[in-house]
Amino acid sequence: MSLQHNVLILLSMTTPPVPKYFQVQEILRQKVLNLSEGDQIPPELELCQMFQVSRITIRKAIEGLVQEGLLVTIQGKGTFVARPKFAEKPRERFVNQITGFYGDMTSRGYQVSTQVLEQTLVFPDKVLIEKLKTEPDQRLIKIVRLRFVNEYPHHIVTTFLPHGRFGGIENCDLREGSLYALLRERYNAQLASARFVVEASTCSEIEAGLLNYPFAAPILVVYSQVFDPSGTPIIYGFSRLRADQSQMEFEVLTPLALGKNTSNGDYHEEGTAPNTKG
């Protein structure tokens, strides 16, 4: 008995009030659960013939499984079985220290690896001149890395450093370990405080290929600016994270928690908080 015949029997056994797309979705779900990550499901036209339903019905069924995280659609390639979601999304913590993504994740048991996409010298544009308080003729080190968590692509991070302060980093092997730890150990960098801005965006075509993530899917963007004890910005960058696999955790410490006296003027509501993590 053919697969198509079995599918039609299952559809005919379903009570009429249940929408056709939902019937198809439930049958597809059972088949997907028996496949491996990365396996491609048949194209829409083939599924239309198999289920003898319209293309709109097939698309609605597939969209439901994509929303559940069982399937992922890659533009121009097809629909594939999605990677299993983490039991708990990797959560980057911004709490009372500046350890960086690598240090934060590995301290909690995650395996972090890196693919360096770009490592070069550039001249700053207007944004970088303002963020790093530099001059147009002062070169910066630009580092672009694809970060993996437990061997799965997680985010793309772009970092800018003043070449005058961190010269030589452009030639270092950054595939292993923490960039922040390297700056501390080799350059005696004092990462005293940090400022973060978080916003929502969408995945570009290039990012979709690198992150194995659908084009135009939600992306979480985290901009970071790290300062030395004098308040001079020494690191600026931004991370673009898969929204389906990422969380941010912030802890806010009030003057009472810090043991500060708000009446003597040493605490300010605005500005760079000294107890944050980059």
# chains A, B, ... in the order shown; residues from 1 in each chain; ligands from 1
>>> residues_around(residues="A:Val72", least_positions_apart="5", cutoff="9 Å", atoms="only C-alpha atoms", output="list in words")
Leu65, Val66, Gln67, Gly78, Thr79, Phe80, Val81, Ala82, Arg83, Asn212, Tyr213 and Pro214 of chain A
>>> write_last_selection(atoms="C-alpha atoms", output="short mmCIF file (atom, residue, chain, number, x, y, z; two decimals), in the first residue's frame")
data_model
loop_
_atom_site.label_atom_id
_atom_site.label_comp_id
_atom_site.auth_asym_id
_atom_site.auth_seq_id
_atom_site.Cartn_x
_atom_site.Cartn_y
_atom_site.Cartn_z
CA LEU A 65 5.29 23.40 12.32
CA VAL A 66 7.77 26.21 11.68
CA GLN A 67 6.20 28.24 14.49
CA GLY A 78 13.39 24.37 0.94
CA THR A 79 12.03 23.28 4.30
CA PHE A 80 14.11 21.22 6.71
CA VAL A 81 13.83 19.53 10.07
CA ALA A 82 14.97 22.11 12.62
CA ARG A 83 17.68 21.50 15.17
CA ASN A 212 21.26 28.40 9.53
CA TYR A 213 18.26 30.56 10.27
CA PRO A 214 15.39 31.71 8.00
#
>>> closest_residue(among="A:Leu28, A:Gly237, A:Gln247, A:Ala208", to="A:Leu47", atoms="only C-alpha atoms")
A:Leu28
>>> atom_distance(atom1="atom CA of A:Glu46", atom2="atom CA of A:Val32")
15.8 Å
>>> closest_residue(among="A:Met248, A:Ala243, A:Ala217, A:Val24", to="A:Ile58", atoms="only C-alpha atoms")
A:Val24
>>> atom_distance(atom1="atom CA of A:Asn34", atom2="atom CA of A:Gln52")
22.5 Å
>>> closest_residue(among="A:Val112, A:Leu179, A:Val197, A:Ile234", to="A:Arg165", atoms="only C-alpha atoms")
A:Ile234
>>> atom_distance(atom1="atom CA of A:Gly177", atom2="atom CA of A:Tyr102")
6.8 Å
